[in-house]
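Participant: One structure, pasted below without further comment.
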Amino acid sequence: MSSAPLVVHVVHRFAVGGLENGVANLIDRLPEYRHAVIALTACDPAFCARIRRNDVVYRSLEKREGQDWGLYRRLARTFRELRPAVVHTRNLAALEAQLPAWWTGVPVRIHGEHGWDVGDLHGRRGRYRLLRRLHRPLVHRYVALSGHIQRYLHEGVGVPTDRIRRICNGVDTWRFLPPREDEERLGPFPPEALVLGWAGRMEAVKAPLDLVRAFAMLAGSGRPWSPRLRLLMVGEGSLMPQVRAELERAGLLERAWLPGRRDDLPDLYRAMDLFVLPSLAEGISNTILEAMASGLPVVATAVGGNPELLEPGVTGALVPPRDPAALAAALASYLDDPERLRREGRAARRRARERFSIEVMVEAYRDLYRELFLARGLEPPTPTSA
């Protein structure tokens with residue numbers, strides 16, 4: 001067995017999602033470490049298969065709904081068996097793993113905050129804030145994916161600033177590329193179509209119904225481009241039946257493509273003309289970064305880390321959440337101006353490459369792990385090529 005130090009990544013569920021995608025990218029690009037993924041509920045084999053490395057350990061702890069006290073025992077047993085050098089938990093749902101990591105003597109303990117869900121859109125619920133404060137002494141370093149979360153950890157949870165490291169998600173700008181001029185568009189779209197695109201989980205926090213309502217407003221607006229308008233929504237989730245029903249009520253189901261979960265996202269981004277993200281809350285959105293790298297301007301809600309990614313009037317636009325009419329108006333301003341679509345799409349691609357590349361993200365995590373190894377009297381591994 002390799003003597004490389006082991007990093008254990010603890011998540012609620014290891015399946016399709018922005019947080020999980022970031023973990024997978026990190027595992028593939030930090031070869032000097034061994035890696036394990038512990039899902040408190042379950043690891044999706046199909047998602048695990050997207051990681052290129054074949055030496056990763058996966059564990060599903062099958063946490064029951066509500067408080068599962070036996071989870072602490074299962075976590076402690078797993079940590080004693082694996083003997084990790086680092087336990088890296090992510091988001092509130094996995095924070096409880098810090099306690100068994102502490103009592104089993106894991107030398108380096110990190111917690112990442114990626115964003116909030118619909119049950120606590122702004123991190124204001126007192127119970128959740130208390131849980132974060134109670135676990136604060138156990139965590140050596142926090143990772144905040146956005147300045148918004150960084151401020152919350154310091155001001156709301158009381159974490160000293162020198163224990164917080166801000167590391168944005170990164171995007172693979174070699175995988176996500178603008179379309180070639182001779183490339184045929186994927187999907188059931190006529191050549192003249194103008195395609196509004198979305199990708200994510202069809203759950204309330206992502207507000208997919210707001211996009212459907214904005215699309216219906218635009219399709220019925222009588223503007224010169226309205227007959228050409230199409231909608232592409234990639235992903236699945238509990239709101240899929242409502243999305244389909246609302247499109248059908250509006251008579252627009254045939255002008256929308258809902259392919260569900262897909263593994264060919266780079267090709268699907270290249271089928272879009274404009275990317276839309278009407279979320280109610282976000283950390284640092286992987287889909288925004290992927291769309292930008294694919295040469296698309298982005299219209300998104302001004303929540304969470306979205307304003308840190310987009311430069312309004314240069315790479316996209318920001319609108320208030322829960323406001324389909326404002327969303328429709330912002331989208332119409334692009335559809336009225338094809339040159340703006342092209343210009344801001346090129347600028348979005350440049351911004352993704354210069355500021356949000358996956359290489360920048362990986363080096364930031366590598367530096368963080370090295371810093372904490374040295375602080376704990378451990379020898380960090382020598383970086384090797386992925």
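Each chain in the structure tokens gets a letter, A, B, ..., in the order shown, and its residues are numbered from 1; ligands are numbered from 1 in order too.
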So that each row is one residue of segment 159-211 of chain A with an atom at most 6 Å from segment 232-246 of chain A, can you give its shortest atom pair and the distance in Å to one decimal, using only C-alpha atoms, rows by chain and rising number, as CSV?

Facilitator:
```
residue,atom,partner,partner_atom,distance
A:Gly197,CA,A:Leu232,CA,4.8
A:Trp198,CA,A:Met233,CA,4.8
A:Ala199,CA,A:Val234,CA,4.5
A:Gly200,CA,A:Gly235,CA,5.2
A:Arg201,CA,A:Gly235,CA,5.6
A:Met202,CA,A:Gly237,CA,4.3
A:Glu203,CA,A:Leu239,CA,5.7
```

Participant: Take the selection from the previous step and output its residues with N, CA and C atoms, as a PDB file, in the first residue's frame.

Facilitator:
```
ATOM      1  N   GLY A 197     -30.308  28.413 -21.686  1.00  0.00           N
ATOM      2  CA  GLY A 197     -29.833  27.187 -21.056  1.00  0.00           C
ATOM      3  C   GLY A 197     -29.757  27.270 -19.550  1.00  0.00           C
ATOM      4  N   TRP A 198     -29.936  26.137 -18.918  1.00  0.00           N
ATOM      5  CA  TRP A 198     -29.863  26.001 -17.460  1.00  0.00           C
ATOM      6  C   TRP A 198     -29.337  24.603 -17.168  1.00  0.00           C
ATOM      7  N   ALA A 199     -28.582  24.444 -16.073  1.00  0.00           N
ATOM      8  CA  ALA A 199     -28.124  23.124 -15.647  1.00  0.00           C
ATOM      9  C   ALA A 199     -28.079  23.102 -14.130  1.00  0.00           C
ATOM     10  N   GLY A 200     -28.523  22.004 -13.537  1.00  0.00           N
ATOM     11  CA  GLY A 200     -28.485  21.900 -12.087  1.00  0.00           C
ATOM     12  C   GLY A 200     -29.475  20.897 -11.552  1.00  0.00           C
ATOM     13  N   ARG A 201     -29.710  20.979 -10.246  1.00  0.00           N
ATOM     14  CA  ARG A 201     -30.697  20.131  -9.584  1.00  0.00           C
ATOM     15  C   ARG A 201     -32.055  20.820  -9.651  1.00  0.00           C
ATOM     16  N   MET A 202     -33.055  20.088 -10.052  1.00  0.00           N
ATOM     17  CA  MET A 202     -34.400  20.670 -10.109  1.00  0.00           C
ATOM     18  C   MET A 202     -35.016  20.631  -8.716  1.00  0.00           C
ATOM     19  N   GLU A 203     -34.481  21.498  -7.853  1.00  0.00           N
ATOM     20  CA  GLU A 203     -34.949  21.629  -6.478  1.00  0.00           C
ATOM     21  C   GLU A 203     -35.274  23.091  -6.209  1.00  0.00           C
TER      22      GLU A 203
END
```

Participant: Using only C-alpha atoms, tabulate the residues of segment 216-317 of chain A lying at most 7 Å from any atom of segment 137-158 of chain A, each with its closest atom pair and that distance in Å to one decimal, by chain and increasing residue number, as CSV.

Facilitator:
```
residue,atom,partner,partner_atom,distance
A:Gly283,CA,A:Ser146,CA,6.3
A:Ile284,CA,A:Leu145,CA,6.0
A:Gly304,CA,A:His148,CA,6.1
A:Gly305,CA,A:Ser146,CA,5.4
```

Participant: Taking the backbone alone, and naming residues the way the document does, which bits of segment 58-175 of chain A are helix (DSSP H, G or I) by DSSP, as a PDB file with C-alpha atoms, in the first residue's frame?

Facilitator:
```
ATOM      1  CA  GLY A  70     -24.956   5.476  15.648  1.00  0.00           C
ATOM      2  CA  LEU A  71     -23.399   7.568  12.882  1.00  0.00           C
ATOM      3  CA  TYR A  72     -20.733   8.858  15.287  1.00  0.00           C
ATOM      4  CA  ARG A  73     -19.707   5.302  16.114  1.00  0.00           C
ATOM      5  CA  ARG A  74     -19.559   4.328  12.427  1.00  0.00           C
ATOM      6  CA  LEU A  75     -17.494   7.416  11.600  1.00  0.00           C
ATOM      7  CA  ALA A  76     -15.048   6.749  14.452  1.00  0.00           C
ATOM      8  CA  ARG A  77     -14.673   3.124  13.376  1.00  0.00           C
ATOM      9  CA  THR A  78     -14.018   4.203   9.769  1.00  0.00           C
ATOM     10  CA  PHE A  79     -11.431   6.824  10.804  1.00  0.00           C
ATOM     11  CA  ARG A  80      -9.603   4.289  12.995  1.00  0.00           C
ATOM     12  CA  GLU A  81      -9.533   1.831  10.109  1.00  0.00           C
ATOM     13  CA  LEU A  82      -8.403   4.298   7.430  1.00  0.00           C
ATOM     14  CA  LEU A  92     -23.241  21.763   7.629  1.00  0.00           C
ATOM     15  CA  ALA A  93     -24.612  18.297   6.823  1.00  0.00           C
ATOM     16  CA  ALA A  94     -21.114  16.792   7.196  1.00  0.00           C
ATOM     17  CA  LEU A  95     -19.826  19.013  10.018  1.00  0.00           C
ATOM     18  CA  GLN A  98     -15.435  16.691  12.992  1.00  0.00           C
ATOM     19  CA  LEU A  99     -16.210  15.294  16.473  1.00  0.00           C
ATOM     20  CA  PRO A 100     -15.221  11.659  15.753  1.00  0.00           C
ATOM     21  CA  ALA A 101     -12.247  12.961  13.723  1.00  0.00           C
ATOM     22  CA  TRP A 102     -11.092  14.844  16.835  1.00  0.00           C
ATOM     23  CA  TRP A 103     -11.548  11.991  19.300  1.00  0.00           C
ATOM     24  CA  VAL A 118     -33.496  26.327   0.776  1.00  0.00           C
ATOM     25  CA  GLY A 119     -34.058  25.626   4.496  1.00  0.00           C
ATOM     26  CA  ASP A 120     -31.548  28.330   5.487  1.00  0.00           C
ATOM     27  CA  GLY A 126     -30.102  30.058  15.134  1.00  0.00           C
ATOM     28  CA  ARG A 127     -29.882  26.291  15.536  1.00  0.00           C
ATOM     29  CA  TYR A 128     -27.533  25.902  12.580  1.00  0.00           C
ATOM     30  CA  ARG A 129     -25.401  28.831  13.698  1.00  0.00           C
ATOM     31  CA  LEU A 130     -25.125  27.273  17.167  1.00  0.00           C
ATOM     32  CA  LEU A 131     -24.039  23.945  15.679  1.00  0.00           C
ATOM     33  CA  ARG A 132     -21.296  25.702  13.737  1.00  0.00           C
ATOM     34  CA  ARG A 133     -20.137  27.522  16.885  1.00  0.00           C
ATOM     35  CA  LEU A 134     -20.086  24.318  18.955  1.00  0.00           C
ATOM     36  CA  HIS A 135     -17.883  22.589  16.377  1.00  0.00           C
ATOM     37  CA  ARG A 136     -15.599  25.605  15.908  1.00  0.00           C
ATOM     38  CA  PRO A 137     -12.881  24.459  18.423  1.00  0.00           C
ATOM     39  CA  LEU A 138     -12.498  21.153  16.545  1.00  0.00           C
ATOM     40  CA  GLY A 147     -16.453  36.342   0.266  1.00  0.00           C
ATOM     41  CA  HIS A 148     -20.101  36.184   1.337  1.00  0.00           C
ATOM     42  CA  ILE A 149     -19.486  32.922   3.229  1.00  0.00           C
ATOM     43  CA  GLN A 150     -16.137  34.181   4.547  1.00  0.00           C
ATOM     44  CA  ARG A 151     -17.889  37.143   6.182  1.00  0.00           C
ATOM     45  CA  TYR A 152     -20.581  34.889   7.609  1.00  0.00           C
ATOM     46  CA  LEU A 153     -18.040  32.545   9.232  1.00  0.00           C
ATOM     47  CA  HIS A 154     -16.208  35.462  10.830  1.00  0.00           C
ATOM     48  CA  GLU A 155     -19.125  37.688  11.839  1.00  0.00           C
ATOM     49  CA  GLY A 156     -21.843  35.086  12.384  1.00  0.00           C
ATOM     50  CA  THR A 161      -9.987  35.535  10.103  1.00  0.00           C
ATOM     51  CA  ASP A 162      -6.629  33.738  10.228  1.00  0.00           C
ATOM     52  CA  ARG A 163      -8.473  30.404  10.412  1.00  0.00           C
TER      53      ARG A 163
END
```

Participant: With distances taken over only C-alpha atoms, which of A:Pro381, A:Glu359, A:Trp225, A:Val205 is nearest to Asp336 of chain A?

Facilitator: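 Checking each of A:Pro381, A:Glu359, A:Trp225, A:Val205 against Asp336 of chain A, counting only C-alpha atoms, the winner is A:Trp225.
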
Participant: Excluding Ala348 of chain A and residues on its chain fewer than 2 positions from it, collect all residues at most 8 Å away from it, counting only C-alpha atoms, and give them as an mmCIF file with N, CA and C atoms, in the first residue's frame.

Facilitator:
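Once written, out.cif looks like this:
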```
data_model
loop_
_atom_site.group_PDB
_atom_site.id
_atom_site.type_symbol
_atom_site.label_atom_id
_atom_site.label_comp_id
_atom_site.auth_asym_id
_atom_site.auth_seq_id
_atom_site.Cartn_x
_atom_site.Cartn_y
_atom_site.Cartn_z
ATOM 1 N N MET A 292 -19.412 30.142 -18.404
ATOM 2 C CA MET A 292 -18.462 31.185 -18.796
ATOM 3 C C MET A 292 -17.319 30.595 -19.609
ATOM 4 N N ALA A 293 -16.770 29.468 -19.152
ATOM 5 C CA ALA A 293 -15.673 28.829 -19.889
ATOM 6 C C ALA A 293 -16.119 28.394 -21.274
ATOM 7 N N GLY A 295 -17.973 30.093 -23.154
ATOM 8 C CA GLY A 295 -18.182 31.276 -23.980
ATOM 9 C C GLY A 295 -19.594 31.813 -23.951
ATOM 10 N N LEU A 296 -20.286 31.625 -22.830
ATOM 11 C CA LEU A 296 -21.669 32.100 -22.720
ATOM 12 C C LEU A 296 -21.770 33.259 -21.738
ATOM 13 N N PRO A 297 -22.480 34.319 -22.100
ATOM 14 C CA PRO A 297 -22.847 35.305 -21.076
ATOM 15 C C PRO A 297 -23.850 34.667 -20.124
ATOM 16 N N VAL A 314 -20.404 43.236 -18.604
ATOM 17 C CA VAL A 314 -19.165 42.763 -19.248
ATOM 18 C C VAL A 314 -19.247 41.276 -19.545
ATOM 19 N N THR A 315 -19.693 40.483 -18.555
ATOM 20 C CA THR A 315 -19.793 39.029 -18.751
ATOM 21 C C THR A 315 -21.200 38.512 -18.488
ATOM 22 N N GLY A 316 -22.120 39.386 -18.128
ATOM 23 C CA GLY A 316 -23.472 38.936 -17.836
ATOM 24 C C GLY A 316 -24.267 39.992 -17.103
ATOM 25 N N GLU A 344 -20.049 39.607 -24.826
ATOM 26 C CA GLU A 344 -19.961 39.230 -23.422
ATOM 27 C C GLU A 344 -19.633 37.743 -23.253
ATOM 28 N N GLY A 345 -19.987 36.933 -24.233
ATOM 29 C CA GLY A 345 -19.569 35.536 -24.201
ATOM 30 C C GLY A 345 -18.059 35.397 -24.293
ATOM 31 N N ARG A 346 -17.430 36.186 -25.163
ATOM 32 C CA ARG A 346 -15.955 36.150 -25.269
ATOM 33 C C ARG A 346 -15.313 36.638 -23.972
ATOM 34 N N ARG A 350 -12.726 34.654 -21.235
ATOM 35 C CA ARG A 350 -11.445 35.200 -20.757
ATOM 36 C C ARG A 350 -11.404 35.240 -19.236
ATOM 37 N N ARG A 351 -12.491 35.679 -18.619
ATOM 38 C CA ARG A 351 -12.533 35.789 -17.153
ATOM 39 C C ARG A 351 -12.407 34.416 -16.496
ATOM 40 N N ALA A 352 -13.062 33.415 -17.067
ATOM 41 C CA ALA A 352 -12.965 32.063 -16.518
ATOM 42 C C ALA A 352 -11.532 31.553 -16.588
#
```

Participant: Report, in Å with one decimal, the straight-line distance from atom CA of Glu254 of chain A to atom CA of Leu218 of chain A.

Facilitator: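 Between these atoms lies a distance of 15.4 Å.
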
Participant: Can you list, as a ChimeraX atom specification, every residue of segment 140-315 of chain A that DSSP puts in strand (DSSP E or B)?

Facilitator: /A:141-144,164-166,171,194-199,229-234,256-260,274-277,298-301,312
